[in-house]
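Reviewing the structure listed below.
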Amino acid sequence: MMCLNKSFIIKIEIFSKNKNCPLSVYIYIYIYILYISAVRLKRLIMIKLEPEFKYIGNMHGNEVLGRELLIYLAQFLCEEYRAGNERITHLIHDTRIHILPSMNPDGYEVAARQGPEFNGYLVGRGNAKEVDLNRNFPDLNALMYYYERHNGQNHHLPLPDNWELQVEPETLAVIKWMQNYNFVLSANLHGGAVVANYPFDNSREPRIRGKTSNSATPDDKIFKKLAKTYSYGHSWMHKGWNCGDYFDEGITNGASWYSLSKGMQDFNYLHTNCFEITLELSCDKFPPATALASEWLANREALVSYMEQVHHGIKGMVYDENNNPISNAVISVAGINHDITSGTDGDYFRLLLPGTYTVTASALGYQPFTKTVTVGPAEAVQLDFYLKVQPKGNVKAYPNKKGSTTSKSPPTNLGPR
């Protein structure tokens with residue numbers, strides 16, 4: 001349970017059974033003040049090599065369809081599990097699913113008072129202070145783009161000093177949540193368009209009115225695949241023409257559409273192991289209740305198919321020579337300038353497309369070890385690493401992706417500093 005007011009956050013975890021779910025499925029509830037705003041399924045014993053997945057809705061309080069769809073999804077997962085649906089049973093048994101229907105309950109309350117017939121385009125978009133939460137995360141893109149030019153760090157970028165004082169309570173709560181769980185895949189549900197948007201949202205190029213430019217991540221191919229998984233699972237997103245706009249195959253690079261700084265999508269990729277896309281799900285930000293059934297049917301397959309993508313690529317454990325797990329080990333894939341790290345139990349998950357890859361695991365005080373692996377189109381290949389202790393007197397700093405052991409500091413006036 002997470003309780004929040006405008007000035008502070010109290011976090012208490014409560015696991016409670018839900019009468020509509022079997023005994024093996026638990027509900028994980030976040031409450032902002034008095035508002036129940038998230039559900040987490042299947043939280044029993046922490047079994048290794050089960051990836052963490054999350055959906056977040058209603059970040060903009062007046063974009064309400066995602067909020068309703070995630071409530072429908074939680075109910076659907078419970079009902080289908082009870083009914084013995086093999087696909088859903090497999091998904092729940094092998095995945096830790098987190099569902100946060102409303103990141104912005106205060107904004108939703110403002111929008112709901114207007115109702116679907118009179119809601120303005122911006123009424124309720126921000127939180128209680130009218131702050132846009134998707135422009136409120138620490139800006140790590142500028143730092144990343146600097147590091148790209150100077151062989152610097154390519155993952156888990158540091159947060160600026162006093163960052164906790166610079167963000168809203170909702171943003172702070174979500175960042176702490178991200179830091180407490182080793183999320184692998186995520187989607188953020190919005191409204192006002194119909195398209196699957198993937199990183200980067202923030203352009204590498206200076207902003208010029210009327211001009212946009214594609215800003216691809218090192219994982220651009222997998223992000224396009226993830227976005228297409230949703231768009232083709234959706235009843236009409238993939239057709240491209242929606243809400244007066246055209247997006248080829250129903251997907252777009254965020255910066256290619258319009259540049260956005262301090263967004264949650266890019267923050268996930270740059271500060272954590274998580275790959276997140278943004279799903280714009282309806283032309284109408286606040287559709288009437290009569291539209292919910294058809295919207296659920298249009299999105300149901302896409303919501304499930306997207307969750308299943310968390311099980312592609314490689315996964316495994318990083319151990320020392322005595323079979324002790326090594327946390328925070330760096331997993332590097334040759335040719336992809338973005339590393340991920342092992343979790344507190346030594347487990348890691350790396351999303352990859354089918355192909356053959358050279359993968360290296362390294363950790364401070366250990367000798368790096370490299371393996372070659374072939375990834376197929378089915379479930380993730382398990383690839384474990386056993387690292388030997390670095391000989392005394394030969395301990396080196398972590399190498400970054402391009403082989404440099406240290407990186408230049410960015411100018412003091414750049415990015416999040």
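Labeling convention for the structure tokens: chains A, B, ... as they appear, residues from 1 per chain, ligands from 1 in order of appearance.
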
Determine, for each residue of range 66-179 of chain A having at least one atom at most 9 Å from an atom of range 285-307 of chain A, the closest pair of atoms and their separation in Å to one decimal, counting only C-alpha atoms; order by chain and ascending number, as CSV.
residue,atom,partner,partner_atom,distance
A:Glu68,CA,A:Leu292,CA,7.7
A:Leu69,CA,A:Trp296,CA,6.1
A:Leu70,CA,A:Leu303,CA,9.0
A:Tyr72,CA,A:Trp296,CA,7.5
A:Leu73,CA,A:Arg300,CA,7.5
A:Ile88,CA,A:Val304,CA,8.4
A:Leu91,CA,A:Met307,CA,8.1
A:Thr95,CA,A:Met307,CA,8.7
A:Ile97,CA,A:Met307,CA,8.5
A:Ala111,CA,A:Phe286,CA,8.3
A:Ala112,CA,A:Phe286,CA,8.7
A:Gly115,CA,A:Phe286,CA,7.6
A:Pro116,CA,A:Phe286,CA,5.1
A:Glu117,CA,A:Pro288,CA,7.8
A:Asn119,CA,A:Phe286,CA,7.2
A:Tyr121,CA,A:Lys285,CA,7.6

Residue set, range 210-378 of chain A restricted to strand (DSSP E or B), as a PyMOL selection string: chain A and resi 211+241-242+245-246+251-253+275-282+314-320+325+330-333+336-341+347-350+355-362+366+369-375

Spatial neighbours of Ala193 in chain A, max dist 8 Å, only C-alpha atoms, sep filter under 3 positions, as a ChimeraX atom specification: /A:242-243,280-284

Among listed residues A:Phe275, A:Tyr198, A:Tyr81, A:Phe349, nearest Lys224 in chain A (using only C-alpha atoms):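 Smallest separation from Lys224 in chain A among the options: A:Tyr198.
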
Per-residue DSSP, range 187-260 of chain A, filtered to alpha helix (DSSP H), as a short mmCIF file (atom, residue, chain, number, x, y, z; two decimals) with C-alpha atoms, in the first residue's frame:
data_model
loop_
_atom_site.label_atom_id
_atom_site.label_comp_id
_atom_site.auth_asym_id
_atom_site.auth_seq_id
_atom_site.Cartn_x
_atom_site.Cartn_y
_atom_site.Cartn_z
CA ASP A 220 15.76 0.56 -31.63
CA LYS A 221 14.98 -2.75 -33.36
CA ILE A 222 13.56 -4.41 -30.27
CA PHE A 223 11.56 -1.28 -29.40
CA LYS A 224 9.99 -1.29 -32.86
CA LYS A 225 9.14 -4.96 -32.40
CA LEU A 226 7.55 -4.23 -29.01
CA ALA A 227 5.51 -1.35 -30.42
CA LYS A 228 4.32 -3.49 -33.36
CA THR A 229 3.32 -6.26 -30.97
CA TYR A 230 0.82 -3.87 -29.44
CA SER A 231 -0.29 -2.13 -32.62
CA TYR A 232 -0.99 -5.40 -34.47
CA GLY A 233 -2.65 -6.92 -31.41
CA GLY A 254 8.68 9.64 -29.80
CA ALA A 255 11.05 12.42 -30.89
CA SER A 256 10.06 11.85 -34.52
CA TRP A 257 6.49 12.73 -33.50
#

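Pairwise distance (CA of His155 in chain A, CA of Leu185 in chain A) equals 15.5 Å.
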
Shell around range 123-140 of chain A at 9 Å using only C-alpha atoms, local window under 2 positions removed, as a PyMOL selection string: chain A and resi 6+59-63+103-112+114+119-121+142-145+157-160+163+166-168+170-172+175+260-267+270-271+415-416

Atomic distance CA of His234 in chain A - CA of Asn197 in chain A, expressed in Å with one decimal: 14.0 Å

Minimum-distance residue to Ile277 in chain A, chosen among A:Leu351, A:Ala334, A:Ile56, A:Ala361 (using only C-alpha atoms):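 Nearest to Ile277 in chain A: A:Ile56.
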
Pairwise distance for CA of Ala363 in chain A and CA of Ala329 in chain A, rounded to one decimal in Å: 4.7 Å

Residue contacts of Ile326 in chain A (8 Å, only C-alpha atoms) excluding same-chain residues fewer than 5 positions away, as a list in words: Val318, Tyr319, Asp320, Ser342, Thr344, Asp345, Gly346 and Ala363 of chain A

Contacts of Asn154 in chain A within 7 Å, only C-alpha atoms, excl. fewer than 5 positions in-chain, as a PyMOL selection string: chain A and resi 144+337-339+401

Could you save those same residues with N, CA, C and O atoms as a CSV table (one decimal), in the first residue's frame?
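Wrote it out as again.csv, contents follow:
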chain,number,residue,atom,x,y,z
A,144,MET,N,22.9,11.4,-21.3
A,144,MET,CA,23.2,10.2,-22.1
A,144,MET,C,23.8,10.7,-23.5
A,144,MET,O,24.7,10.1,-24.0
A,337,ASN,N,24.9,-0.8,-27.7
A,337,ASN,CA,25.6,0.1,-26.7
A,337,ASN,C,24.6,0.5,-25.5
A,337,ASN,O,24.4,1.6,-25.3
A,338,HIS,N,24.1,-0.6,-24.9
A,338,HIS,CA,23.3,-0.3,-23.7
A,338,HIS,C,23.3,-1.6,-22.9
A,338,HIS,O,22.9,-2.7,-23.3
A,339,ASP,N,23.9,-1.5,-21.7
A,339,ASP,CA,24.0,-2.6,-20.8
A,339,ASP,C,22.9,-2.7,-19.8
A,339,ASP,O,22.2,-1.7,-19.6
A,401,LYS,N,30.8,0.3,-22.2
A,401,LYS,CA,30.6,-0.4,-23.4
A,401,LYS,C,31.7,-0.3,-24.4
A,401,LYS,O,31.9,-1.2,-25.2
